[in-house]
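K.L.:
Below you will find the structure I want to go over with you.
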Amino acid sequence: KPIIAIVGRPNVGKSSLFNRIAGGRIAIVEDMPGVTRDRLYQDAEWQGREFTLVDTGGLDFAEDIITSQIRKQAEMAIAEADAILFVVDARQGITIIDEEVAKTLRRADKPVLLVANKVEHFDKIPYYEFYQLGLGEPIPVSAAEGLNTGDLLDTLVSILPQPEEDPYPPDTIRIAVIGRPNVGKSSMVNAILGEERVIVSNIPGTTRDAIDSPFEQNGKSYVIVDTAGMRRRNRIDVPAERYSVVRALRAVDRSDVVLMVFDATEDIAEQDKKIVGYAHDKGKAIILVMNKWDLIEKDDKTMNKFEKKLKAELAFLPYAPTIFVSALTKQRLPKILELVDFVAEEASKRVATADLNNLIRDAVQATPPPADKHRRLKIFYATQGGVKPPTFILFVNDPELMHFSYQRYLENKIRQTYGFEGTPIRIFLRQREAR
Ligand code: GDP
């Protein structure tokens with residue numbers, strides 16, 4: 001999904017525009033430790049094109065640091081966004097800060113739309129003076145009244161990067177197989193793509209056919225992404241480790257389910273942790289695959305021991321199931337796809353709002369939320385805002401009162417009842433005044 005950043009100095013109407021485009025739906029404040037709070041994300045759609053809006057504003061800067069903050073904001077937008085909406089206040093005319101931001105944006109090689117806001121009457125407000133900013137034709141809108149915002153969105157959609165052709169059926173489950181060289185990825189992929197399955201022929205004219213392996217089983221459609229080099233026996237060895245890491249990250253980006261493959265005879269590497277951590281951050285469903293299980297001398301406790309060690313090292317993945325397989329003897333290999341189906345379903349599951357609110361209420365009664373000297377955290381209302389990964393929004397009196405441990409407690413409560421096995425869960429907090 002392309003990312004559209006809204007930038008501009010305070011009070012030009014960024015939030016109004018954001019809400020107008022997002023269709024008045026709630027904006028989500030990310031409230032995870034270590035994540036910046038000054039950004040609002042919202043998925044929106046126009047003419048069937050989906051995109052994610054990011055309001056980089058949301059902060060009231062002290063006057064003297066405005067310029068540096070806004071420039072930083074613009075740079076962040078340039079780095080992260082696919083297109084930028086630069087909002088100016090047409091009633092105020094061009095300010096020095098506008099010029100500063102324009103200077104930064106002109107240097108970017110990202111499409112920028114110049115939005116002249118607060119234009120309720122086209123003929124009365126000289127919005128065209130913003131031509132001087134050197135960012136093309138200013139588009140006059142009134143975010144507050146919804147004037148001309150449709151035209152703005154038409155233009156926006158026309159400059160978005162074209163989505164890559166997706167040759168796969170809509171319910172296709174995309175699987176990324178990651179892990180260090182020699183853990184057995186190729187062997188595993190070759191076994192999964194074995195004779196008994198119909199390998200769907202690749203659609204010509206796409207770049208993906210060279211690297212993806214689509215197949216069907218039991219009427220379901222799958223694709224193992226980025227199998228380049230995996231399916232051939234004598235593949236060229238990947239020379240630089242860095243190359244394979246970047247490649248793995250890209251594969252994770254394009255996947256629904258990540259198979260993190262380990263060699264049971266080797267220790268877990270730092271690199272594995274980083275890549276699977278990335279998959280976690282990206283909200284992907286994850287299965288831990290312990291391969292070469294045939295080489296391990298075992299008794300009835302061995303599996304347990306391995307699993308404990310793995311979970312201790314990957315403490316951030318308590319939800320990920322582990323499977324012990326051998327790509328060589330094919331032991332438990334068919335189980336992999338069963339698990340893939342299962343975690344993909346878990347990641348798409350929705351909890352009814354009433355049930356969720358009952359659960360939160362019970363959880364709050366059992367263990368009261370954290371408080372500071374003055375107030376206790378109050379959770380007014382909860383709703384599931386999305387899937388893949390399951391995302392929950394809690395409306396609270398003050399997000400600052402939340403503790404990481406309490407958030408984890410709530411996550412555990414949700415998991416106890418609804419499972420969500422194999423998928424990360426996200427909880428966002430949103431401030432709402434008590435009535
Ligand atoms: P990749 O680099 O992760 O794709 O690993 P490969 O699939 O090329 O496997 C590396 C080596 O491990 C090859 O010699 C495989 O035959 C061997 N191998 C892969 N899976 C297993 C397994 O389950 N058991 C045993 N004993 N060897 C395996």
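For the structure tokens, the naming scheme is as follows: chains receive sequential letters (A, B, ...) according to their order of presentation, residues are indexed from 1 within each chain, and ligands are indexed from 1 in presentation order.
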Can I get the residues close to ligand 1 as a list of chain:residue names, where close means within 6 Å and we count only C-alpha atoms and all ligand atoms?

P.N.:
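Final answer, ordered by chain and number: A:Pro181, A:Asn182, A:Val183, A:Gly184, A:Lys185, A:Ser186, A:Ser187, A:Met230, A:Asn291, A:Lys292, A:Asp294, A:Leu295, A:Ser326, A:Ala327, A:Leu328.
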
K.L.:
Find the residues around A:Phe420 up to 9 Å (only C-alpha atoms counted), leave out those fewer than 6 positions away in its own chain, and share them as an mmCIF file with N, CA and C atoms, in the first residue's frame.

P.N.:
data_model
loop_
_atom_site.group_PDB
_atom_site.id
_atom_site.type_symbol
_atom_site.label_atom_id
_atom_site.label_comp_id
_atom_site.auth_asym_id
_atom_site.auth_seq_id
_atom_site.Cartn_x
_atom_site.Cartn_y
_atom_site.Cartn_z
ATOM 1 N N TYR A 319 4.058 -16.412 20.727
ATOM 2 C CA TYR A 319 2.868 -16.879 20.002
ATOM 3 C C TYR A 319 3.199 -17.789 18.824
ATOM 4 N N VAL A 343 -2.234 -20.648 10.863
ATOM 5 C CA VAL A 343 -1.819 -19.324 11.350
ATOM 6 C C VAL A 343 -2.338 -18.211 10.428
ATOM 7 N N GLU A 345 -5.221 -18.217 9.035
ATOM 8 C CA GLU A 345 -6.593 -17.997 9.497
ATOM 9 C C GLU A 345 -6.614 -17.207 10.797
ATOM 10 N N GLU A 346 -5.714 -17.578 11.697
ATOM 11 C CA GLU A 346 -5.642 -16.872 12.978
ATOM 12 C C GLU A 346 -5.372 -15.383 12.773
ATOM 13 N N ALA A 347 -4.508 -15.094 11.815
ATOM 14 C CA ALA A 347 -4.122 -13.696 11.570
ATOM 15 C C ALA A 347 -5.265 -12.894 10.965
ATOM 16 N N SER A 348 -6.253 -13.591 10.399
ATOM 17 C CA SER A 348 -7.367 -12.899 9.742
ATOM 18 C C SER A 348 -8.633 -12.893 10.588
ATOM 19 N N LYS A 349 -8.517 -13.423 11.805
ATOM 20 C CA LYS A 349 -9.698 -13.595 12.644
ATOM 21 C C LYS A 349 -10.190 -12.262 13.210
ATOM 22 N N PRO A 390 -4.001 -8.961 13.712
ATOM 23 C CA PRO A 390 -5.139 -8.468 14.483
ATOM 24 C C PRO A 390 -4.738 -7.218 15.262
ATOM 25 N N ILE A 414 -6.458 -11.553 25.754
ATOM 26 C CA ILE A 414 -7.071 -11.712 24.433
ATOM 27 C C ILE A 414 -6.661 -13.061 23.840
#

K.L.:
Would you please work out which residue, of A:Gln69, A:Gln365, A:Gln331, A:Ser255, is nearest to A:Lys378 when using only C-alpha atoms?

P.N.:
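The answer is A:Gln365, which sits nearest to A:Lys378.
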
K.L.:
Quick one: everything within 12 Å of stretch 403-411 of chain A, counting only C-alpha atoms, minus sequence neighbours fewer than 5 positions away in the same chain. Send it as a PyMOL selection string.

P.N.:
chain A and resi 31-34+316+318-319+356-357+359-372+376-377+379+382+390-394+398+416-420+423-429

K.L.:
Might you pull out every residue within 12 Å of A:Trp293, with only C-alpha atoms counted and same-chain residues fewer than 5 positions away left off, and present them as a compact mmCIF listing (two decimals) with N, CA and C atoms, in the first residue's frame?

P.N.:
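Generated output (part-v4.txt):
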# COMPACT_ATOMS: atom_id res chain seq x y z
N VAL A 183 20.59 -24.15 6.04
CA VAL A 183 19.68 -24.70 7.05
C VAL A 183 18.70 -25.67 6.41
N GLY A 184 18.59 -25.63 5.07
CA GLY A 184 17.72 -26.59 4.39
C GLY A 184 16.51 -25.96 3.72
N VAL A 261 13.38 -20.86 9.30
CA VAL A 261 13.98 -22.20 9.34
C VAL A 261 15.30 -22.19 10.11
N PHE A 262 15.44 -23.16 11.02
CA PHE A 262 16.67 -23.34 11.78
C PHE A 262 17.24 -24.71 11.49
N ASP A 263 18.54 -24.80 11.64
CA ASP A 263 19.23 -26.08 11.57
C ASP A 263 19.35 -26.59 13.01
N ALA A 264 18.72 -27.72 13.31
CA ALA A 264 18.66 -28.22 14.69
C ALA A 264 20.05 -28.53 15.25
N THR A 265 21.03 -28.71 14.36
CA THR A 265 22.37 -29.04 14.85
C THR A 265 23.20 -27.79 15.14
N GLU A 266 22.62 -26.62 14.87
CA GLU A 266 23.37 -25.37 15.05
C GLU A 266 22.69 -24.47 16.08
N LYS A 298 17.55 -38.34 20.06
CA LYS A 298 16.51 -37.81 20.94
C LYS A 298 15.88 -38.85 21.85
N THR A 302 13.53 -34.41 24.35
CA THR A 302 14.39 -33.59 23.49
C THR A 302 13.64 -32.43 22.85
N MET A 303 12.47 -32.75 22.32
CA MET A 303 11.71 -31.72 21.63
C MET A 303 11.38 -30.56 22.57
N PHE A 306 14.43 -28.41 23.21
CA PHE A 306 14.70 -27.55 22.06
C PHE A 306 13.73 -26.37 22.01
N ILE A 323 7.71 -26.24 14.78
CA ILE A 323 7.52 -27.56 14.20
C ILE A 323 8.88 -28.18 13.92
N PHE A 324 9.00 -29.47 14.22
CA PHE A 324 10.28 -30.18 14.07
C PHE A 324 10.17 -31.08 12.85
N VAL A 325 11.02 -30.84 11.87
CA VAL A 325 10.88 -31.55 10.60
C VAL A 325 12.23 -32.04 10.08
N SER A 326 12.16 -32.86 9.05
CA SER A 326 13.36 -33.20 8.30
C SER A 326 13.04 -33.08 6.81
N ALA A 327 13.71 -32.18 6.17
CA ALA A 327 13.50 -32.03 4.73
C ALA A 327 14.07 -33.25 4.01
N LEU A 328 15.01 -33.93 4.67
CA LEU A 328 15.64 -35.10 4.05
C LEU A 328 14.73 -36.32 4.09
N THR A 329 14.25 -36.68 5.29
CA THR A 329 13.38 -37.85 5.42
C THR A 329 11.91 -37.49 5.21
N LYS A 330 11.63 -36.23 5.07
CA LYS A 330 10.27 -35.70 4.89
C LYS A 330 9.39 -35.86 6.13
N GLN A 331 10.03 -36.10 7.26
CA GLN A 331 9.26 -36.24 8.49
C GLN A 331 8.49 -34.95 8.80
N ARG A 332 7.20 -35.10 9.01
CA ARG A 332 6.29 -33.99 9.36
C ARG A 332 6.23 -32.86 8.34
N LEU A 333 6.81 -33.03 7.17
CA LEU A 333 6.75 -31.95 6.19
C LEU A 333 5.32 -31.54 5.81

K.L.:
Measuring atom to atom with only C-alpha atoms, identify which of A:Ala312, A:Val351, A:Ala176, A:Ile21 is nearest to A:Asp154.

P.N.:
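Looking only at the distances to A:Asp154, the closest residue turns out to be A:Ile21.
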
K.L.:
I need the residue nearest A:Ser68 from this list: A:Arg9, A:Lys308, A:Arg350, A:Lys274. Use only C-alpha atoms for the distance.

P.N.:
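Of A:Arg9, A:Lys308, A:Arg350, A:Lys274, the one nearest A:Ser68 is A:Arg9, counting only C-alpha atoms.
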
K.L.:
Can you work out the spacing between atom CA of A:Ser16 and atom CA of A:Leu147 in Å, to one decimal?

P.N.:
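For atom CA of A:Ser16 relative to atom CA of A:Leu147, the distance reads 12.1 Å.
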
K.L.:
From the options A:Leu193, A:Ile4, A:Thr322, A:Gly277, which residue's atoms come nearest to A:Met76, counting only C-alpha atoms?

P.N.:
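Under the stated criterion, the closest residue is A:Ile4.
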
K.L.:
Which neighbours of A:Thr155 fall inside 10 Å, counting only C-alpha atoms, when residues of the same chain fewer than 6 positions from it are skipped, and could you give them as a ChimeraX atom specification?

P.N.:
/A:113,139,149

K.L.:
Would you save the residues of that selection, restricted to all heavy atoms, as a PDB file, in the first residue's frame?

P.N.:
ATOM      1  N   LEU A 113       2.130  17.019  -3.856  1.00  0.00           N
ATOM      2  CA  LEU A 113       1.001  17.858  -4.228  1.00  0.00           C
ATOM      3  C   LEU A 113       0.923  19.021  -3.249  1.00  0.00           C
ATOM      4  O   LEU A 113       0.993  18.829  -2.031  1.00  0.00           O
ATOM      5  CB  LEU A 113      -0.319  17.065  -4.173  1.00  0.00           C
ATOM      6  CG  LEU A 113      -0.526  15.984  -5.234  1.00  0.00           C
ATOM      7  CD1 LEU A 113      -1.907  15.367  -5.071  1.00  0.00           C
ATOM      8  CD2 LEU A 113      -0.349  16.553  -6.637  1.00  0.00           C
ATOM      9  N   ILE A 139      -3.433  23.184  -5.313  1.00  0.00           N
ATOM     10  CA  ILE A 139      -4.800  22.667  -5.416  1.00  0.00           C
ATOM     11  C   ILE A 139      -5.617  23.266  -4.282  1.00  0.00           C
ATOM     12  O   ILE A 139      -5.341  22.988  -3.108  1.00  0.00           O
ATOM     13  CB  ILE A 139      -4.796  21.123  -5.312  1.00  0.00           C
ATOM     14  CG1 ILE A 139      -3.886  20.531  -6.395  1.00  0.00           C
ATOM     15  CG2 ILE A 139      -6.211  20.564  -5.415  1.00  0.00           C
ATOM     16  CD1 ILE A 139      -3.644  19.054  -6.232  1.00  0.00           C
ATOM     17  N   THR A 149     -12.045  18.422  -2.260  1.00  0.00           N
ATOM     18  CA  THR A 149     -11.162  17.353  -1.786  1.00  0.00           C
ATOM     19  C   THR A 149     -11.250  16.130  -2.707  1.00  0.00           C
ATOM     20  O   THR A 149     -10.289  15.370  -2.812  1.00  0.00           O
ATOM     21  CB  THR A 149     -11.492  16.941  -0.335  1.00  0.00           C
ATOM     22  OG1 THR A 149     -12.903  16.799  -0.202  1.00  0.00           O
ATOM     23  CG2 THR A 149     -11.006  17.981   0.644  1.00  0.00           C
TER      24      THR A 149
END

K.L.:
Could you check how far atom CA of A:Ala79 sits from atom CA of A:Arg106, in Å to one decimal?

P.N.:
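Interatomic distance, atom CA of A:Ala79 to atom CA of A:Arg106: 13.5 Å.
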
K.L.:
Enumerate, as a ChimeraX atom specification, the complete set of residues in stretch 97-205 of chain A that a backbone-based DSSP assignment places in strand (DSSP E or B).

P.N.:
/A:112-117,139-140,142,147,173-178,198
